[in-house]
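**Q** The following block contains the structure, expressed as structure tokens.
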Amino acid sequence: MRFTKDHEWVKVDGDIATVGISKHAADALGDVVFVETPDAGKAVSKGDSFAVVESVKAASDVYAPVSGEVVEGNAVLASAPETVNADPEGEGWFAKIRISDASQIDALMDRAAYDAFLTTL
Amino acid sequence: MTDQALKTTPLNAAHRALGARMVGFGGYDMPVQYEGVLAEHRWTREHAGLFDVSHMGQCKITGPDAIAQFERFVPGDYQALKAGRQKYSLLLNESGGIIDDLMAGKPDHDGLFVVVNAGNKDEDFAFWSAHLSGDAELTVLDRALIAIQGPEAAEVMAAHDPVFNDFGFMDSARLILFGVDCYVSRSGYTGEDGYEISVPAADAERIWNTILQDARVKPIGLGARDSLRLEAGLPLHGHDIDATTSPVEGALTFALSKSRKERADFNGADRILKELADGPSRVRVGLSVKEGAPAREGAEIADMDGNIIGTVTSGGPSPTLGRNIAMGYVPPAFAELGTDLKVLVRGKPAAAEVVAMPFVAQRYYRKPKV
């Protein structure tokens, strides 16, 4: 699993990247009450706001950690947004993206680097 | 880490000891949540929630001319207010805009005890200092303010002192509680029964911890305070009402006392009476948002033809109702209950309907008539 400084995670399987927000981000947001995931077919560029996650208090953008084409948004989150709090780095994934530039993955932090990054915040 | 620019309440250490997540609000370092906004919201609706609202402004306005001077800038009849009662009112500018909303009462026989919003208190106190004339004096009180709210609040507090049972909604008194000089009112900002208790700053932590020992009581942060007041249909100054909105636009005409309207002797009376007679150009309404994301402050409101007719001033999920609610301003032609509208969230239109406020029924305690 790789992480961005904006607290998204990416898990790669072949050319498909599953993307979500880190446990740190989910805890910081608090109770998630609404998630808007992208539709299949949507082209995203690294750094684009491609999903929205809302807590009771506020809406936050989720940025695409890699470029590519969305192959699936997590439909479960529409009816059960609390899944993001319950299992942020598993069942609470946001979207699967077909990666267009695999080298972008290498630029992301691994778990150890991300944990170290969190201590600097 | 405490932001050095932020002030702290006498309960700051208590919040940190409880593991609260702290944020800046109204110039203060305040707890936004302890265990989580939803859990705290629900606890308050079902049991009793304890709130530190010491960031709010507290003052006395005293002297032989206190009431008459205070009344110049508010539309409520405080001459007629009985001792031991308080009343919600609005501090008005010359154009009838709302400088702040406030609670003012007669807890003792010494003028008025007034509670104002944290973010406005410096401005309010400066306003009164500049405008109160004659024999009326403003004294800013450096005290803590603790609110306990929820259906079990009365039983919890009666266990500390049976005198709490003697209060009806909006009763106000100054008395010795927990061994110290307190101002108490049976009121709040959640729609629930409960009390606001002004205590000496030095005693705040002891009293907070004493009340928290009751298993029915949990500490509640500002996050749930906001969602609770939204469900109760209560406006938040600086968001739902401000210095440009009048009491008529803000749907707060209940704060206009009949005698004061007849006398038309308060700031902005011309505009306010004209709006009462002719209707305002916009009015605050409640909206049930029937689909999609929560519509928050700043979301545009459109009619069914897509014309932008207004703006959401606050909104979010209602934990009690399990759907999204909002309040905002629309022209009176669109303010009738049941009117279908759209709210635009990130450009996407979602169906909404004008509904009555409060969204969740208020449960204030009215003393039985004898």
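By convention in this document, the chains of the structure tokens carry letters A, B, ... by their order, each chain's residues are numbered from 1, and ligands are numbered from 1 in the order they are shown.
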Excluding Gly328 (chain B) and any residue of its chain fewer than 2 positions from it, enumerate the residues within 9 Å of it, using only C-alpha atoms, and give them as JSON, numbers by chain.
**A** {"B": [240, 283, 284, 285, 286, 287, 297, 301, 310, 311, 312, 313, 314, 315, 326, 330]}
**Q** Restricted to N, CA and C atoms, what would the selected residues look like written as an mmCIF file, in the first residue's frame?
**A**
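Printed below is result.cif as written:
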data_model
loop_
_atom_site.group_PDB
_atom_site.id
_atom_site.type_symbol
_atom_site.label_atom_id
_atom_site.label_comp_id
_atom_site.auth_asym_id
_atom_site.auth_seq_id
_atom_site.Cartn_x
_atom_site.Cartn_y
_atom_site.Cartn_z
ATOM 1 N N ASP B 240 -26.675 32.453 9.784
ATOM 2 C CA ASP B 240 -28.095 32.480 9.422
ATOM 3 C C ASP B 240 -28.718 33.865 9.588
ATOM 4 N N VAL B 283 -36.740 35.741 3.169
ATOM 5 C CA VAL B 283 -37.073 35.243 4.503
ATOM 6 C C VAL B 283 -36.354 33.917 4.743
ATOM 7 N N ARG B 284 -35.982 33.694 5.988
ATOM 8 C CA ARG B 284 -35.292 32.453 6.348
ATOM 9 C C ARG B 284 -36.315 31.318 6.429
ATOM 10 N N VAL B 285 -35.999 30.223 5.732
ATOM 11 C CA VAL B 285 -36.892 29.055 5.735
ATOM 12 C C VAL B 285 -36.087 27.795 6.052
ATOM 13 N N GLY B 286 -36.811 26.762 6.432
ATOM 14 C CA GLY B 286 -36.211 25.444 6.609
ATOM 15 C C GLY B 286 -36.347 24.647 5.328
ATOM 16 N N LEU B 287 -35.344 23.852 5.021
ATOM 17 C CA LEU B 287 -35.378 23.025 3.810
ATOM 18 C C LEU B 287 -35.088 21.578 4.182
ATOM 19 N N GLU B 297 -23.619 25.792 4.082
ATOM 20 C CA GLU B 297 -23.583 27.244 3.928
ATOM 21 C C GLU B 297 -22.984 27.605 2.578
ATOM 22 N N ILE B 301 -29.789 28.204 -3.832
ATOM 23 C CA ILE B 301 -31.142 27.648 -3.886
ATOM 24 C C ILE B 301 -31.762 28.120 -5.197
ATOM 25 N N GLY B 310 -31.892 32.099 -3.995
ATOM 26 C CA GLY B 310 -31.437 32.293 -2.626
ATOM 27 C C GLY B 310 -30.217 31.454 -2.312
ATOM 28 N N THR B 311 -29.846 31.462 -1.034
ATOM 29 C CA THR B 311 -28.622 30.808 -0.585
ATOM 30 C C THR B 311 -28.875 30.087 0.735
ATOM 31 N N VAL B 312 -28.250 28.918 0.861
ATOM 32 C CA VAL B 312 -28.272 28.183 2.126
ATOM 33 C C VAL B 312 -27.325 28.882 3.103
ATOM 34 N N THR B 313 -27.770 29.061 4.353
ATOM 35 C CA THR B 313 -26.932 29.720 5.358
ATOM 36 C C THR B 313 -26.370 28.729 6.376
ATOM 37 N N SER B 314 -27.038 27.615 6.577
ATOM 38 C CA SER B 314 -26.397 26.491 7.258
ATOM 39 C C SER B 314 -27.154 25.227 6.917
ATOM 40 N N GLY B 315 -26.465 24.120 6.995
ATOM 41 C CA GLY B 315 -27.112 22.866 6.639
ATOM 42 C C GLY B 315 -26.195 21.709 6.897
ATOM 43 N N ALA B 326 -31.473 21.942 6.002
ATOM 44 C CA ALA B 326 -30.749 23.200 5.806
ATOM 45 C C ALA B 326 -31.674 24.352 6.137
ATOM 46 N N VAL B 330 -34.978 32.749 0.964
ATOM 47 C CA VAL B 330 -35.651 32.770 -0.339
ATOM 48 C C VAL B 330 -36.656 33.923 -0.334
#
**Q** Residues of chain B were defined as contacting chain A if any atom lay at most 7 Å from it, counting only C-alpha atoms; please report them as a ChimeraX atom specification.
**A** /B:36-38,223,293,316-317
**Q** How about saving the chosen residues, C-alpha atoms kept, as a PDB file, in the first residue's frame?
**A**
ATOM      1  CA  GLY B  36     -17.566  11.839  17.925  1.00  0.00           C
ATOM      2  CA  VAL B  37     -20.168  14.302  16.702  1.00  0.00           C
ATOM      3  CA  LEU B  38     -22.891  11.757  15.908  1.00  0.00           C
ATOM      4  CA  GLY B 223     -19.736  19.956  16.482  1.00  0.00           C
ATOM      5  CA  ALA B 293     -25.006  15.437  -0.494  1.00  0.00           C
ATOM      6  CA  GLY B 316     -25.975  19.344   7.123  1.00  0.00           C
ATOM      7  CA  PRO B 317     -27.108  15.888   8.050  1.00  0.00           C
TER       8      PRO B 317
END
**Q** Identify, on the basis of only C-alpha atoms, every residue whose closest approach to Lys261 (chain B) does not exceed 12 Å; exclude the query and any residue fewer than 5 positions from it along the same chain; express the result as a ChimeraX atom specification.
**A** /B:74-77,253-256,266-274,276-277
**Q** Need to verify the contact set: Pro331 (chain B), 7 Å, only C-alpha atoms, exclusion of same-chain residues closer than 6 positions in sequence. Can you return it as a list in words?
**A** Ser281, Arg282, Val283 and Ile309 of chain B
**Q** From a DSSP calculation on the backbone, collect every residue of chain A in helix (DSSP H, G or I) and output the set as an MDAnalysis selection string.
**A** chainID A and resid 23:29 76:79 83:86 103:106 111:119
**Q** Grab the residues selected above and save them as an mmCIF file, in the first residue's frame with N, CA and C atoms.
**A**
data_model
loop_
_atom_site.group_PDB
_atom_site.id
_atom_site.type_symbol
_atom_site.label_atom_id
_atom_site.label_comp_id
_atom_site.auth_asym_id
_atom_site.auth_seq_id
_atom_site.Cartn_x
_atom_site.Cartn_y
_atom_site.Cartn_z
ATOM 1 N N LYS A 23 -6.446 5.692 7.338
ATOM 2 C CA LYS A 23 -7.094 5.650 8.646
ATOM 3 C C LYS A 23 -6.905 6.985 9.355
ATOM 4 N N HIS A 24 -5.714 7.549 9.192
ATOM 5 C CA HIS A 24 -5.455 8.858 9.804
ATOM 6 C C HIS A 24 -6.474 9.889 9.304
ATOM 7 N N ALA A 25 -6.721 9.896 7.991
ATOM 8 C CA ALA A 25 -7.663 10.862 7.419
ATOM 9 C C ALA A 25 -9.084 10.596 7.899
ATOM 10 N N ALA A 26 -9.455 9.319 7.930
ATOM 11 C CA ALA A 26 -10.820 8.961 8.354
ATOM 12 C C ALA A 26 -11.039 9.361 9.813
ATOM 13 N N ASP A 27 -10.030 9.123 10.650
ATOM 14 C CA ASP A 27 -10.149 9.499 12.068
ATOM 15 C C ASP A 27 -10.244 11.015 12.219
ATOM 16 N N ALA A 28 -9.459 11.716 11.407
ATOM 17 C CA ALA A 28 -9.459 13.181 11.504
ATOM 18 C C ALA A 28 -10.796 13.762 11.055
ATOM 19 N N LEU A 29 -11.409 13.150 10.048
ATOM 20 C CA LEU A 29 -12.710 13.637 9.566
ATOM 21 C C LEU A 29 -13.805 13.423 10.604
ATOM 22 N N VAL A 76 -21.024 0.810 -2.415
ATOM 23 C CA VAL A 76 -21.435 0.584 -1.015
ATOM 24 C C VAL A 76 -21.463 1.897 -0.226
ATOM 25 N N LEU A 77 -20.550 2.810 -0.572
ATOM 26 C CA LEU A 77 -20.403 4.031 0.231
ATOM 27 C C LEU A 77 -21.598 4.973 0.100
ATOM 28 N N ALA A 78 -22.368 4.829 -0.976
ATOM 29 C CA ALA A 78 -23.541 5.689 -1.139
ATOM 30 C C ALA A 78 -24.560 5.426 -0.040
ATOM 31 N N SER A 79 -24.761 4.151 0.273
ATOM 32 C CA SER A 79 -25.762 3.814 1.288
ATOM 33 C C SER A 79 -25.129 3.596 2.664
ATOM 34 N N THR A 83 -18.818 3.122 6.416
ATOM 35 C CA THR A 83 -17.799 2.108 6.109
ATOM 36 C C THR A 83 -16.408 2.749 6.064
ATOM 37 N N VAL A 84 -16.355 4.016 5.665
ATOM 38 C CA VAL A 84 -15.066 4.719 5.585
ATOM 39 C C VAL A 84 -14.422 4.800 6.973
ATOM 40 N N ASN A 85 -15.234 5.016 8.018
ATOM 41 C CA ASN A 85 -14.691 5.047 9.381
ATOM 42 C C ASN A 85 -14.367 3.641 9.878
ATOM 43 N N ALA A 86 -15.247 2.690 9.541
ATOM 44 C CA ALA A 86 -15.110 1.341 10.085
ATOM 45 C C ALA A 86 -13.895 0.627 9.499
ATOM 46 N N SER A 103 4.689 4.620 -13.315
ATOM 47 C CA SER A 103 5.812 5.245 -12.598
ATOM 48 C C SER A 103 5.312 6.183 -11.494
ATOM 49 N N GLN A 104 4.048 6.634 -11.611
ATOM 50 C CA GLN A 104 3.496 7.519 -10.580
ATOM 51 C C GLN A 104 3.417 6.823 -9.218
ATOM 52 N N ILE A 105 3.255 5.505 -9.253
ATOM 53 C CA ILE A 105 3.164 4.749 -8.006
ATOM 54 C C ILE A 105 4.473 4.862 -7.213
ATOM 55 N N ASP A 106 5.575 4.790 -7.940
ATOM 56 C CA ASP A 106 6.883 4.777 -7.278
ATOM 57 C C ASP A 106 7.133 6.063 -6.498
ATOM 58 N N ARG A 111 4.324 2.630 3.664
ATOM 59 C CA ARG A 111 3.719 2.766 4.997
ATOM 60 C C ARG A 111 4.680 3.437 5.984
ATOM 61 N N ALA A 112 5.919 2.995 5.970
ATOM 62 C CA ALA A 112 6.892 3.536 6.929
ATOM 63 C C ALA A 112 7.123 5.029 6.688
ATOM 64 N N ALA A 113 7.225 5.392 5.400
ATOM 65 C CA ALA A 113 7.454 6.800 5.069
ATOM 66 C C ALA A 113 6.232 7.637 5.431
ATOM 67 N N TYR A 114 5.035 7.071 5.201
ATOM 68 C CA TYR A 114 3.796 7.791 5.529
ATOM 69 C C TYR A 114 3.674 7.978 7.050
ATOM 70 N N ASP A 115 3.944 6.931 7.804
ATOM 71 C CA ASP A 115 3.890 7.034 9.272
ATOM 72 C C ASP A 115 4.866 8.099 9.760
ATOM 73 N N ALA A 116 6.045 8.137 9.143
ATOM 74 C CA ALA A 116 7.039 9.154 9.521
ATOM 75 C C ALA A 116 6.511 10.551 9.166
ATOM 76 N N PHE A 117 5.869 10.631 7.984
ATOM 77 C CA PHE A 117 5.282 11.910 7.547
ATOM 78 C C PHE A 117 4.228 12.393 8.549
ATOM 79 N N LEU A 118 3.426 11.446 9.062
ATOM 80 C CA LEU A 118 2.354 11.832 9.997
ATOM 81 C C LEU A 118 2.920 12.455 11.268
ATOM 82 N N THR A 119 4.081 11.999 11.664
ATOM 83 C CA THR A 119 4.663 12.536 12.907
ATOM 84 C C THR A 119 5.141 13.976 12.720
#
**Q** Could you check the closest approach to Glu249 (chain B) for each of B:Ile148, B:Gly97, B:Lys60, B:Asp340 and tell me which residue wins, using only C-alpha atoms?
**A**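 The answer is B:Gly97, which sits nearest to Glu249 (chain B).
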**Q** My list of candidates is A:Ile97, A:Leu121, A:Ala64, A:Met109. Which is closest to Thr18 (chain A) when distances are computed with only C-alpha atoms?
**A**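 Among the listed residues, the smallest separation from Thr18 (chain A) belongs to A:Ile97.
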